[in-house]
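Source file: model25.cif; contents: mmCIF, C-alpha atoms.
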data_my_file
loop_
_atom_site.label_atom_id
_atom_site.label_comp_id
_atom_site.auth_asym_id
_atom_site.auth_seq_id
_atom_site.Cartn_x
_atom_site.Cartn_y
_atom_site.Cartn_z
CA MET A 224 112.71 149.62 148.96
CA MET A 225 111.05 151.02 145.90
CA LYS A 226 114.38 151.12 144.08
CA THR A 227 115.00 147.47 145.01
CA LYS A 228 111.59 146.42 143.65
CA VAL A 229 112.17 148.36 140.43
CA PHE A 230 115.64 146.84 140.13
CA LYS A 231 114.27 143.31 140.60
CA ALA A 232 111.51 143.92 138.11
CA SER A 233 114.03 145.30 135.62
CA MET A 234 116.28 142.28 136.10
CA HIS A 235 113.30 139.97 135.67
CA PHE A 236 112.29 141.78 132.52
CA ALA A 237 115.87 141.70 131.22
CA PHE A 238 116.08 137.98 131.95
CA CYS A 239 112.87 137.36 129.98
CA ILE A 240 114.20 139.30 127.03
CA ALA A 241 117.48 137.39 127.16
CA PHE A 242 115.63 134.10 127.37
CA LEU A 243 113.43 134.89 124.39
CA ALA A 244 116.44 135.96 122.36
CA SER A 245 118.49 132.84 123.10
CA PRO A 246 118.63 129.88 120.70
CA LEU A 247 116.92 127.78 123.33
CA SER A 248 113.77 129.80 122.91
CA ALA A 249 113.41 128.49 119.34
CA THR A 250 112.19 125.19 120.82
CA SER A 251 110.59 123.84 123.96
CA MET A 252 113.18 123.03 126.60
CA ALA A 253 113.06 119.21 126.21
CA LEU A 254 112.40 119.07 122.47
CA GLY A 255 114.33 119.79 119.32
CA LYS A 256 113.61 120.98 115.82
CA ILE A 257 114.57 119.81 112.37
CA THR A 258 115.01 122.09 109.40
CA GLY A 259 116.01 120.78 106.02
CA ASP A 260 116.69 121.48 102.40
CA LEU A 261 114.92 119.44 99.75
CA LYS A 262 117.03 118.74 96.69
CA SER A 263 116.61 116.83 93.48
CA PRO A 264 119.21 116.93 90.69
CA GLY A 265 117.71 118.28 87.50
CA ILE A 266 114.20 118.72 88.91
CA ASP A 267 112.63 122.00 89.93
CA LEU A 268 110.87 121.07 93.16
CA LYS A 269 108.79 124.22 92.92
CA THR A 270 106.87 122.58 90.07
CA THR A 271 106.24 119.21 91.69
CA GLY A 272 103.19 118.11 93.63
CA PRO A 273 102.69 117.76 97.40
CA MET A 274 104.96 115.52 99.41
CA VAL A 275 104.80 114.24 102.95
CA ILE A 276 107.91 114.24 105.11
CA TYR A 277 107.68 112.25 108.33
CA LEU A 278 109.92 110.86 111.03
CA GLU A 279 110.39 107.27 112.08
CA SER A 280 112.28 106.67 115.30
CA THR A 281 115.19 104.24 115.06
CA ASP A 282 114.34 103.17 118.60
CA LYS A 283 111.50 100.67 118.25
CA ASN A 284 110.66 101.01 121.93
CA PHE A 285 110.01 104.74 121.67
CA GLU A 286 106.27 105.30 122.03
CA PHE A 287 104.42 108.26 120.61
CA ALA A 288 100.92 109.40 121.48
CA ALA A 289 98.57 109.98 118.60
CA PRO A 290 96.90 113.38 118.48
CA LYS A 291 93.48 113.43 120.08
CA LYS A 292 92.07 115.67 117.39
CA ASN A 293 90.65 113.75 114.42
CA ALA A 294 92.03 114.22 110.93
CA LYS A 295 89.58 114.77 108.09
CA ILE A 296 89.25 113.80 104.46
CA SER A 297 85.99 114.79 102.81
CA GLN A 298 84.16 113.85 99.63
CA LYS A 299 83.03 116.58 97.27
CA ASP A 300 82.50 116.65 93.49
CA ALA A 301 83.37 112.95 93.42
CA LYS A 302 86.83 113.69 94.79
CA PHE A 303 88.53 113.20 98.12
CA THR A 304 89.88 116.38 99.66
CA PRO A 305 92.72 116.48 100.36
CA ALA A 306 94.05 113.92 97.88
CA LEU A 307 97.07 113.37 100.14
CA LEU A 308 96.64 113.34 103.91
CA VAL A 309 99.12 112.52 106.64
CA LEU A 310 98.15 111.49 110.14
CA THR A 311 99.68 109.59 113.05
CA ALA A 312 99.23 105.88 113.73
CA GLY A 313 96.38 105.54 116.22
CA GLN A 314 94.68 108.71 115.04
CA THR A 315 91.09 108.72 113.85
CA VAL A 316 90.15 110.16 110.48
CA ASP A 317 86.67 111.50 109.76
CA MET A 318 85.31 111.08 106.23
CA PRO A 319 82.29 113.35 105.81
CA ASN A 320 80.27 113.19 102.61
CA ASP A 321 79.85 116.79 101.46
CA ASP A 322 78.63 115.70 98.04
CA ASP A 323 75.07 115.48 96.73
CA ILE A 324 75.55 111.80 95.92
CA PHE A 325 76.29 108.62 97.81
CA HIS A 326 79.86 107.50 98.31
CA SER A 327 81.21 104.19 99.54
CA VAL A 328 84.75 104.42 100.87
CA PHE A 329 87.08 101.46 101.16
CA SER A 330 90.74 100.54 101.29
CA TYR A 331 92.51 97.23 100.75
CA SER A 332 95.83 98.53 102.14
CA ARG A 333 96.62 95.96 104.77
CA PRO A 334 96.58 96.00 107.73
CA ASN A 335 94.52 99.22 107.63
CA ASP A 336 91.97 97.74 105.21
CA PHE A 337 88.31 98.61 105.74
CA LYS A 338 85.05 99.38 104.00
CA PHE A 339 82.03 101.57 104.80
CA GLU A 340 78.54 101.01 103.52
CA PRO A 341 77.45 103.81 101.15
CA TYR A 342 76.37 106.95 102.93
CA PRO A 343 74.69 110.13 101.71
CA LYS A 344 75.36 113.84 101.96
CA GLY A 345 75.57 115.20 105.46
CA HIS A 346 76.70 111.91 106.94
CA SER A 347 80.19 111.02 108.05
CA ARG A 348 82.13 107.90 108.92
CA SER A 349 85.27 107.58 111.00
CA ILE A 350 88.02 105.06 111.35
CA LYS A 351 91.07 104.81 113.56
CA LEU A 352 94.13 103.90 111.49
CA GLU A 353 96.31 101.95 113.87
CA HIS A 354 99.24 100.87 111.73
CA PRO A 355 101.95 102.97 110.05
CA GLY A 356 101.99 102.72 106.29
CA ILE A 357 100.37 103.94 103.12
CA VAL A 358 96.59 103.64 102.88
CA LYS A 359 95.02 104.08 99.47
CA ILE A 360 91.32 104.82 99.64
CA TYR A 361 88.73 104.52 96.89
CA CYS A 362 85.02 104.84 96.33
CA SER A 363 83.37 101.63 95.16
CA ILE A 364 80.77 103.66 93.24
CA HIS A 365 82.93 106.23 91.43
CA GLU A 366 85.74 104.99 89.24
CA LYS A 367 88.08 107.95 89.47
CA MET A 368 87.86 108.66 93.17
CA ASN A 369 91.00 107.87 95.08
CA ALA A 370 93.26 109.41 97.69
CA THR A 371 96.26 108.47 99.79
CA ILE A 372 96.59 108.60 103.55
CA VAL A 373 100.10 108.40 104.94
CA VAL A 374 99.97 106.92 108.42
CA SER A 375 103.12 108.16 110.11
CA PRO A 376 104.61 106.18 113.01
CA THR A 377 105.20 109.45 114.89
CA PRO A 378 103.27 112.73 115.19
CA HIS A 379 106.24 114.50 113.60
CA HIS A 380 105.40 115.12 110.01
CA VAL A 381 104.77 117.88 107.53
CA THR A 382 103.27 118.21 104.06
CA VAL A 383 105.13 120.43 101.60
CA ASN A 384 103.99 121.61 98.21
CA LYS A 385 106.27 123.18 95.61
CA ALA A 386 108.83 123.79 98.34
CA THR A 387 112.56 123.42 98.76
CA ARG A 388 112.70 123.55 102.55
CA PHE A 389 110.84 121.98 105.44
CA THR A 390 110.63 122.31 109.22
CA ILE A 391 109.43 119.84 111.83
CA SER A 392 109.20 121.25 115.33
CA ASP A 393 108.82 119.87 118.84
CA VAL A 394 110.63 116.62 118.21
CA PRO A 395 111.79 114.57 121.21
CA PRO A 396 115.56 113.98 121.28
CA GLY A 397 116.68 110.84 119.50
CA ARG A 398 117.74 109.40 116.17
CA TYR A 399 115.21 109.34 113.36
CA ARG A 400 114.90 108.19 109.80
CA ILE A 401 113.36 110.76 107.52
CA ARG A 402 110.72 109.19 105.30
CA THR A 403 108.94 110.79 102.40
CA TYR A 404 105.88 110.04 100.34
CA GLY A 405 105.05 111.65 97.03
CA PHE A 406 105.86 111.47 93.37
CA LEU A 407 109.61 111.27 93.88
CA PRO A 408 111.84 108.60 95.44
CA SER A 409 114.12 109.80 98.22
CA GLN A 410 117.48 108.72 99.51
CA ASP A 411 117.61 107.26 103.00
CA THR A 412 118.41 110.00 105.51
CA GLU A 413 118.89 109.91 109.26
CA VAL A 414 118.98 112.82 111.67
CA VAL A 415 119.82 113.15 115.34
CA VAL A 416 117.69 115.52 117.36
CA GLU A 417 118.99 117.05 120.56
CA ALA A 418 117.02 118.83 123.23
CA GLY A 419 116.77 122.54 122.70
CA LYS A 420 118.67 122.48 119.42
CA ILE A 421 117.92 122.81 115.73
CA SER A 422 119.17 119.97 113.54
CA SER A 423 119.83 120.70 109.89
CA THR A 424 119.61 118.08 107.21
CA VAL A 425 119.23 117.58 103.47
CA VAL A 426 116.68 115.28 101.86
CA THR A 427 117.64 114.32 98.33
CA PHE A 428 115.11 113.01 95.85
CA ASP A 429 116.94 110.72 93.49
CA SER A 430 117.16 107.08 92.49
CA LYS A 431 117.98 104.88 95.45
CA LYS A 432 121.54 103.73 95.38
CA MET B 193 84.60 85.59 105.43
CA THR B 194 88.34 85.68 105.87
CA ARG B 195 89.64 89.25 106.17
CA GLY B 196 92.84 90.69 104.96
CA ILE B 197 93.20 90.82 101.21
CA GLY B 198 89.57 90.39 100.39
CA ILE B 199 89.40 86.74 99.66
CA MET B 200 86.42 86.03 97.54
CA VAL B 201 84.79 82.80 96.67
CA ILE B 202 86.39 81.11 93.75
CA THR B 203 83.81 79.29 91.76
CA LEU B 204 85.12 76.06 90.37
CA LEU B 205 83.13 74.99 87.39
CA LEU B 206 83.92 71.33 87.12
CA THR B 207 82.28 68.92 84.74
CA GLY B 208 82.45 65.18 85.38
CA CYS B 209 85.74 64.93 83.55
CA THR B 210 86.98 68.30 84.77
CA THR B 211 87.55 69.34 81.24
CA THR B 212 85.47 72.02 79.63
CA THR B 213 87.39 73.05 76.63
CA SER B 214 86.79 74.67 73.39
CA PRO B 215 89.37 73.22 71.01
CA LYS B 216 89.72 76.51 69.17
CA THR B 217 90.54 78.61 72.19
CA HIS B 218 91.88 76.04 74.64
CA PRO B 219 94.11 73.50 72.93
CA GLU B 220 95.34 70.46 74.84
CA PRO B 221 98.29 71.05 77.15
CA SER B 222 101.71 69.80 76.16
CA PRO B 223 102.61 66.29 77.47
CA GLY B 224 103.01 66.29 81.23
CA MET B 225 101.51 69.75 81.64
CA SER B 226 98.14 71.33 82.47
CA ASN B 227 96.00 74.24 81.35
CA VAL B 228 93.76 76.43 83.46
CA TRP B 229 91.43 79.14 82.20
CA GLY B 230 88.26 80.96 83.14
CA TYR B 231 86.43 84.22 83.48
CA ALA B 232 87.05 86.94 86.04
CA ARG B 233 84.41 89.47 86.87
CA MET B 234 84.05 92.37 89.24
CA VAL B 235 81.31 92.12 91.82
CA ALA B 236 79.50 95.26 92.93
CA PRO B 237 79.06 95.70 96.66
CA ASP B 238 75.67 94.43 97.82
CA GLU B 239 75.01 97.59 99.72
CA VAL B 240 74.90 100.04 96.76
CA PRO B 241 71.46 101.66 97.07
CA ASP B 242 68.92 101.08 94.32
CA ALA B 243 68.55 104.84 94.09
CA LEU B 244 72.01 105.04 92.60
CA ALA B 245 70.86 104.44 89.05
CA PRO B 246 73.61 105.10 86.52
CA ASP B 247 71.29 107.00 84.22
CA GLU B 248 70.19 109.57 86.77
CA ALA B 249 71.16 113.02 85.63
CA GLN B 250 72.77 114.01 88.87
CA PHE B 251 75.25 111.16 88.59
CA SER B 252 76.04 111.38 84.90
CA GLU B 253 78.95 113.78 85.21
CA PHE B 254 80.88 111.45 87.51
CA GLU B 255 82.26 108.26 86.05
CA LEU B 256 80.70 105.28 87.77
CA THR B 257 82.49 102.01 88.26
CA ARG B 258 81.05 99.63 85.67
CA TYR B 259 81.12 96.31 87.43
CA GLU B 260 79.49 94.53 84.51
CA LYS B 261 82.28 95.43 82.08
CA PRO B 262 85.58 93.53 82.17
CA SER B 263 88.42 95.83 83.11
CA PHE B 264 92.16 95.42 83.37
CA ALA B 265 93.09 92.59 85.71
CA VAL B 266 95.84 90.00 85.89
CA VAL B 267 95.31 86.38 86.87
CA TYR B 268 98.47 84.59 87.91
CA LEU B 269 100.00 81.67 89.76
CA GLU B 270 102.22 82.41 92.72
CA ASN B 271 104.74 79.79 91.76
CA GLY B 272 106.16 78.68 88.45
CA THR B 273 108.11 80.43 85.73
CA PRO B 274 106.64 83.68 84.49
CA ASN B 275 106.72 84.85 80.92
CA THR B 276 109.71 87.18 80.67
CA GLU B 277 108.92 88.78 77.34
CA PRO B 278 109.79 92.49 77.42
CA VAL B 279 106.94 94.93 77.89
CA GLN B 280 106.85 98.44 76.43
CA LEU B 281 105.47 101.71 77.72
CA THR B 282 105.33 104.74 75.48
CA ILE B 283 105.64 108.39 76.41
CA SER B 284 103.59 110.58 74.13
CA ASN B 285 102.07 114.05 74.09
CA GLU B 286 98.43 113.11 73.56
CA SER B 287 97.07 115.00 76.55
CA GLY B 288 100.17 116.54 77.93
CA VAL B 289 103.00 114.17 78.59
CA CYS B 290 101.50 110.77 79.29
CA LEU B 291 102.46 107.13 79.57
CA SER B 292 100.54 104.45 77.76
CA PRO B 293 99.15 101.99 78.24
CA HIS B 294 97.84 103.11 81.61
CA PHE B 295 98.00 99.55 82.99
CA CYS B 296 100.28 96.71 82.00
CA ALA B 297 101.58 93.41 83.32
CA MET B 298 104.92 91.70 83.07
CA GLY B 299 106.74 88.73 84.54
CA GLU B 300 109.34 89.00 87.27
CA GLY B 301 112.74 89.36 85.65
CA ALA B 302 111.35 90.75 82.41
CA ASP B 303 112.54 94.03 80.92
CA LEU B 304 110.33 97.10 80.90
CA ILE B 305 111.18 99.22 77.85
CA ILE B 306 110.14 102.85 77.99
CA LYS B 307 110.08 104.66 74.68
CA ASN B 308 109.91 108.45 74.52
CA GLU B 309 108.14 109.44 71.32
CA THR B 310 108.13 113.13 72.14
CA THR B 311 110.61 115.77 71.08
CA GLN B 312 111.41 116.68 74.67
CA ALA B 313 113.36 114.92 77.37
CA CYS B 314 111.14 113.35 79.98
CA THR B 315 111.76 112.44 83.61
CA LEU B 316 109.89 109.48 85.03
CA SER B 317 109.63 108.70 88.71
CA SER B 318 108.80 105.46 90.49
CA PRO B 319 109.01 105.86 94.26
CA GLU B 320 108.18 102.17 94.82
CA GLN B 321 111.08 101.12 92.60
CA GLY B 322 113.27 103.91 93.97
CA LEU B 323 113.86 105.17 90.45
CA LEU B 324 114.18 108.54 88.80
CA ILE B 325 114.81 108.09 85.08
CA GLN B 326 115.61 110.72 82.52
CA ILE B 327 114.88 109.78 78.93
CA GLY B 328 116.06 111.93 76.06
CA PRO B 329 113.80 113.00 73.19
CA ARG B 330 112.98 110.16 70.77
CA SER B 331 115.00 107.78 72.97
CA GLU B 332 114.30 104.74 75.04
CA THR B 333 115.51 103.12 78.19
CA GLN B 334 114.82 99.89 80.02
CA PHE B 335 115.07 98.34 83.40
CA THR B 336 114.39 94.91 84.83
CA ALA B 337 111.52 94.42 87.23
CA GLY B 338 113.23 92.63 90.09
CA THR B 339 110.43 91.88 92.55
CA SER B 340 106.78 90.98 92.10
CA GLY B 341 103.98 93.35 92.98
CA SER B 342 102.67 96.57 91.53
CA PHE B 343 104.35 99.91 91.09
CA GLU B 344 103.54 103.21 89.50
CA LEU B 345 105.54 105.30 87.05
CA PHE B 346 104.87 109.05 86.85
CA PRO B 347 105.99 111.61 84.30
CA ILE B 348 107.21 114.41 86.56
CA ARG B 349 105.58 117.05 84.38
CA ASN B 350 102.19 115.31 84.43
CA PRO B 351 101.96 112.80 87.30
CA GLU B 352 98.24 112.18 86.76
CA GLN B 353 99.04 110.51 83.43
CA GLY B 354 101.33 107.79 84.66
CA ALA B 355 101.12 104.02 84.40
CA LYS B 356 100.57 101.21 86.86
CA VAL B 357 102.61 98.08 86.26
CA PHE B 358 101.95 94.69 87.79
CA VAL B 359 104.89 92.29 88.04
CA ALA B 360 103.79 88.67 88.30
CA PRO B 361 105.88 86.09 90.22
CA GLY B 362 104.62 83.21 88.07
CA PRO B 363 102.69 82.48 84.88
CA PHE B 364 100.14 85.19 84.27
CA SER B 365 97.32 86.20 81.94
CA VAL B 366 95.67 89.57 81.38
CA LEU B 367 91.89 89.53 80.94
CA ASP B 368 90.70 89.93 77.38
CA ASP B 369 87.74 92.12 76.47
CA GLN B 370 85.37 89.28 77.37
CA GLY B 371 86.88 88.96 80.83
CA GLN B 372 88.55 85.66 79.94
CA TRP B 373 92.02 84.59 81.02
CA SER B 374 94.10 81.53 80.16
CA LEU B 375 97.29 79.90 81.48
CA ARG B 376 98.73 77.21 79.24
CA ASP B 377 101.25 74.51 79.98
CA VAL B 378 101.64 75.07 83.67
CA ASP B 379 103.10 72.47 86.00
CA PRO B 380 100.47 70.10 87.40
CA GLY B 381 99.93 70.04 91.14
CA GLN B 382 98.76 72.42 93.85
CA HIS B 383 98.82 76.12 93.06
CA ASN B 384 97.84 79.44 94.60
CA LEU B 385 95.81 81.23 91.96
CA ARG B 386 95.46 84.98 92.37
CA ALA B 387 93.80 87.86 90.55
CA TRP B 388 95.17 91.40 90.75
CA HIS B 389 93.09 94.49 89.95
CA PRO B 390 94.34 98.10 90.15
CA ARG B 391 91.44 99.21 92.38
CA LEU B 392 90.20 96.09 94.13
CA PRO B 393 91.62 93.70 96.71
CA GLN B 394 93.39 90.65 95.35
CA THR B 395 91.39 87.49 94.99
CA GLU B 396 93.05 84.19 95.79
CA GLY B 397 92.35 80.52 96.07
CA LYS B 398 93.97 77.12 95.82
CA ILE B 399 93.58 74.90 92.79
CA HIS B 400 94.85 71.45 91.96
CA LEU B 401 95.77 70.61 88.38
CA ASN B 402 96.15 67.07 87.11
CA VAL B 403 98.48 66.06 84.31
CA GLY B 404 96.88 66.57 80.91
CA GLU B 405 93.95 68.46 82.42
CA THR B 406 92.37 71.69 81.22
CA GLN B 407 90.43 73.16 84.12
CA ARG B 408 88.07 76.11 84.18
CA VAL B 409 88.12 78.41 87.22
CA ASP B 410 85.91 81.50 87.35
CA LEU B 411 86.92 84.32 89.69
CA GLU B 412 85.13 87.16 91.38
CA MET B 413 86.82 90.38 92.44
CA GLY B 414 85.27 92.85 94.82
CA ILE B 415 85.36 94.41 98.24
CA GLY B 416 83.09 91.89 99.92
CA GLY B 417 85.87 90.36 101.99
CA LEU B 418 87.09 93.62 103.50
CA PRO B 419 86.36 94.23 107.17
CA LYS B 420 83.24 96.35 107.50
CA VAL B 421 83.34 99.39 109.77
CA SER B 422 80.04 100.50 111.27
CA PRO B 423 79.04 104.15 111.61
CA ALA B 424 80.13 103.85 115.24
CA GLY B 425 83.60 102.83 114.10
CA ASP B 426 83.32 99.16 115.05
CA ARG B 427 85.08 96.69 112.80
CA SER B 428 83.58 93.36 111.87
CA GLU B 429 85.36 90.73 109.84
#

Go ahead and express the file in the form of structure tokens.
Amino acid sequence: MMKTKVFKASMHFAFCIAFLASPLSATSMALGKITGDLKSPGIDLKTTGPMVIYLESTDKNFEFAAPKKNAKISQKDAKFTPALLVLTAGQTVDMPNDDDIFHSVFSYSRPNDFKFEPYPKGHSRSIKLEHPGIVKIYCSIHEKMNATIVVSPTPHHVTVNKATRFTISDVPPGRYRIRTYGFLPSQDTEVVVEAGKISSTVVTFDSKK
Amino acid sequence: MTRGIGIMVITLLLTGCTTTTSPKTHPEPSPGMSNVWGYARMVAPDEVPDALAPDEAQFSEFELTRYEKPSFAVVYLENGTPNTEPVQLTISNESGVCLSPHFCAMGEGADLIIKNETTQACTLSSPEQGLLIQIGPRSETQFTAGTSGSFELFPIRNPEQGAKVFVAPGPFSVLDDQGQWSLRDVDPGQHNLRAWHPRLPQTEGKIHLNVGETQRVDLEMGIGGLPKVSPAGDRSE
């Protein structure tokens, strides 16, 4: 009896090891993963600024839930931090004032346009950004304050900085367009994600053809 | 107040004859045409606290928005034929690689000439235009602005020193240092008049120009028309 129990335990342990070592363990069972190279002819991407890479489903009926945790962009030294933020459509962003002076945040990027009344240090304002797109925010008091919020249509996005590779994990199976935002234009790229698999792709930053 | 693109009140200053002209600066329109001119000013938000005095020491290190000073803005008509004179941007090494002027305006279909005055090749990027341009030392290149709207051009080596270009779909005028703009010899009739500013929502309104008329229209640009969000996150139009 004891030998049987030990045998079963050993088999169970061996199975766990095998499972963890298999390719399927790289992702959740029903989800896939995307890894990619970033390329740009003649440009060293390790010297360029941050870029956002995000997925847009080609199936317009595919619904994604926004993360429940709020994103954050703060004000300090008359600057927004971070200067480039990505969040998911339907997610709320908190904008705390960590500065010693008033700030008055607004955006005219339709349809996510908004304005807050000025608020002082220690106070915060929040807004839910419902619509995918680029939202430029400014302070109506300070001339040089500005930042960009990328509102991604899906929760599958990543920000890279001085990088030549990217990874987006836990992506539901399906076909996606890879979108980018940053200082460089990118070629249109699509990728198909399969459950339990890793999809490789290349995103090229170059003039659109 | 209508939401969306921050529609502000357009103040029409009309005299009895709807003509307030200064012969030196606003000559008569050509036969069968009309002129329209005016001033455009930025309007500070009402809610800025009185305590935010520009001369307070704690604020002096951060550049405040000077609403009383005219800044770069473009007043234009949505329809009509824009001026398609070429516009030039220059790449220089004044503070690292930079593009100047920082803001410019051009008509749809006009050529944008970019001149590299440095001794090094320069790569410019415009994600909105889908362009990555390499310009050799002491060389120039050009491209045609196909669609109206604004776009940015960044030197890859120094993206903070790029330029913002506004492409007008119709006749346009850039504010002078007094905040005045002027559109001469435009077609009479109904027009959508708009004002574009790099940091403020567009202002728009409808005007009607009669044949032979010179009309003055003053514009205000600001954030007053944007939907206000309360501390609780509620939006009000």

**OP:** Please identify all polymer residues within 9 Å of range 313-329 of chain B, counting only C-alpha atoms, omitting same-chain residues fewer than 3 positions from it, and present them as a ChimeraX atom specification.
**Re:** /A:266,404-410,428-432 /B:283,289,306-310,332-333,337,342-349,351,354

Original post:
What is the CA of Met234 in chain B-CA of Leu375 in chain B distance in Å, reported with one decimal?
Top reply: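 Computing the Euclidean distance for CA of Met234 in chain B and CA of Leu375 in chain B yields 19.8 Å.
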
Any chance you could tabulate, as a Markdown table, the residues of chain A at most 9 Å from chain B with each one's nearest atom pair and distance in Å to one decimal, using all atoms listed in the file, in chain and rising number order?
| residue | atom | partner | partner_atom | distance |
| --- | --- | --- | --- | --- |
| A:Ile266 | CA | B:Ile348 | CA | 8.5 |
| A:Thr270 | CA | B:Arg349 | CA | 8.0 |
| A:Thr271 | CA | B:Ile348 | CA | 7.1 |
| A:Gly272 | CA | B:Pro351 | CA | 8.4 |
| A:Asp300 | CA | B:Phe254 | CA | 8.1 |
| A:Ala301 | CA | B:Phe254 | CA | 6.6 |
| A:Asp323 | CA | B:Gln250 | CA | 8.3 |
| A:Ile324 | CA | B:Phe251 | CA | 7.4 |
| A:Phe325 | CA | B:Leu244 | CA | 7.6 |
| A:Ser327 | CA | B:Val240 | CA | 8.0 |
| A:Phe329 | CA | B:Ile415 | CA | 7.8 |
| A:Ser330 | CA | B:Leu418 | CA | 8.1 |
| A:Tyr331 | CA | B:Pro393 | CA | 5.4 |
| A:Ser332 | CA | B:Ile197 | CA | 8.2 |
| A:Arg333 | CA | B:Gly196 | CA | 6.5 |
| A:Pro334 | CA | B:Gly196 | CA | 7.1 |
| A:Asp336 | CA | B:Leu418 | CA | 6.6 |
| A:Phe337 | CA | B:Pro419 | CA | 5.0 |
| A:Lys338 | CA | B:Lys420 | CA | 5.0 |
| A:Phe339 | CA | B:Val421 | CA | 5.6 |
| A:Glu340 | CA | B:Glu239 | CA | 6.2 |
| A:Pro341 | CA | B:Val240 | CA | 6.3 |
| A:Ser347 | CA | B:Pro423 | CA | 7.8 |
| A:Arg348 | CA | B:Pro423 | CA | 5.6 |
| A:Ser349 | CA | B:Gly425 | CA | 5.9 |
| A:Ile350 | CA | B:Gly425 | CA | 5.7 |
| A:Lys351 | CA | B:Gly425 | CA | 7.7 |
| A:Tyr361 | CA | B:Arg391 | CA | 7.5 |
| A:Cys362 | CA | B:Thr257 | CA | 8.9 |
| A:Ser363 | CA | B:Thr257 | CA | 7.0 |
| A:Ile364 | CA | B:Thr257 | CA | 5.5 |
| A:His365 | CA | B:Leu256 | CA | 4.4 |
| A:Glu366 | CA | B:Thr257 | CA | 4.5 |
| A:Lys367 | CA | B:Glu255 | CA | 6.8 |
| A:Tyr404 | CA | B:Pro319 | CA | 8.0 |
| A:Gly405 | CA | B:Pro319 | CA | 7.5 |
| A:Phe406 | CA | B:Pro319 | CA | 6.5 |
| A:Leu407 | CA | B:Pro319 | CA | 5.5 |
| A:Pro408 | CA | B:Pro319 | CA | 4.1 |
| A:Ser409 | CA | B:Gly322 | CA | 7.3 |
| A:Gln410 | CA | B:Gly322 | CA | 8.5 |
| A:Phe428 | CA | B:Leu324 | CA | 8.4 |
| A:Asp429 | CA | B:Leu324 | CA | 5.9 |
| A:Ser430 | CA | B:Leu323 | CA | 4.3 |
| A:Lys431 | CA | B:Gly322 | CA | 5.0 |
| A:Lys432 | CA | B:Gly322 | CA | 8.4 |

Subject >> Spatial neighbours of Glu220 in chain B, 8 Å, all atoms listed in the file, chain gap at least 4 places, as a VMD selection string >> reply: chain B and resid 215 227 404 to 406

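All residues of protein, DNA or RNA that reach within 10 Å of range 352-354 of chain A, judged by only C-alpha atoms and not counting those fewer than 5 positions away in the chain, are Ala289, Leu310, Thr311, Ala312, Gly313, Gln314, Thr315, Val316, Arg333, Pro334, Asn335, Asp336, Phe337, Ile372, Val373, Val374, Ser375 and Pro376 of chain A.
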
Original post:
Looking at A:Thr412, A:Lys291, A:Thr387, A:Lys344, which one is nearest to Tyr399 in chain A, with distances taken over all atoms listed in the file?
Top reply: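 Answer, going by the shortest atom-to-atom distance: A:Thr412.
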
Original post:
Do you know which residues the PyMOL selection byres ((chain A and resi 400) around 9) returns on this file, as a ChimeraX atom specification?
Top reply: /A:277-281,398-399,401-402,411-415

**OP:** Give me the residues within 9 Å of range 292-302 of chain B as a PyMOL selection string, counting all atoms listed in the file and dropping any in the same chain fewer than 3 places off.
**Re:** chain B and resi 264-266+273-284+335-342+353-366+390

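Going from CA of Leu367 in chain B to CA of Val403 in chain B covers 24.6 Å.
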
Original post:
What is the CA of Ala386 in chain A-CA of Pro290 in chain A distance in Å, reported with one decimal?
Top reply: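 Atom-to-atom, CA of Ala386 in chain A and CA of Pro290 in chain A are spaced 25.6 Å apart.
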
**OP:** Run the PyMOL selection byres ((chain A and resi 260) around 8) on the file and write out the hits as a list in words.
**Re:** Thr258, Gly259, Leu261, Lys262, Thr387, Arg388, Phe389, Thr424, Val425 and Val426 of chain A

**OP:** Give me the result of the PyMOL selection byres ((chain A and resi 395) around 8) on this file, residue by residue, as number ranges by chain.
**Re:** A: 253-255, 393-394, 396-397, 416-418

Please return range 305-311 of chain B, rebuilt to N, CA and C atoms, as an mmCIF file, keeping the file's coordinate frame.
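Written output follows (rebuild15.cif):
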data_model
loop_
_atom_site.group_PDB
_atom_site.id
_atom_site.type_symbol
_atom_site.label_atom_id
_atom_site.label_comp_id
_atom_site.auth_asym_id
_atom_site.auth_seq_id
_atom_site.Cartn_x
_atom_site.Cartn_y
_atom_site.Cartn_z
ATOM 1 N N ILE B 305 110.583 98.266 78.785
ATOM 2 C CA ILE B 305 111.180 99.220 77.850
ATOM 3 C C ILE B 305 110.294 100.458 77.840
ATOM 4 N N ILE B 306 110.898 101.609 77.995
ATOM 5 C CA ILE B 306 110.140 102.850 77.990
ATOM 6 C C ILE B 306 110.636 103.684 76.821
ATOM 7 N N LYS B 307 109.706 103.958 75.909
ATOM 8 C CA LYS B 307 110.080 104.660 74.680
ATOM 9 C C LYS B 307 109.500 106.074 74.711
ATOM 10 N N ASN B 308 110.351 107.055 74.538
ATOM 11 C CA ASN B 308 109.910 108.450 74.520
ATOM 12 C C ASN B 308 109.703 108.868 73.074
ATOM 13 N N GLU B 309 108.432 109.055 72.698
ATOM 14 C CA GLU B 309 108.140 109.440 71.320
ATOM 15 C C GLU B 309 108.005 110.951 71.156
ATOM 16 N N THR B 310 108.260 111.683 72.221
ATOM 17 C CA THR B 310 108.130 113.130 72.140
ATOM 18 C C THR B 310 109.457 113.763 71.741
ATOM 19 N N THR B 311 109.395 115.048 71.477
ATOM 20 C CA THR B 311 110.610 115.770 71.080
ATOM 21 C C THR B 311 111.278 116.437 72.278
#
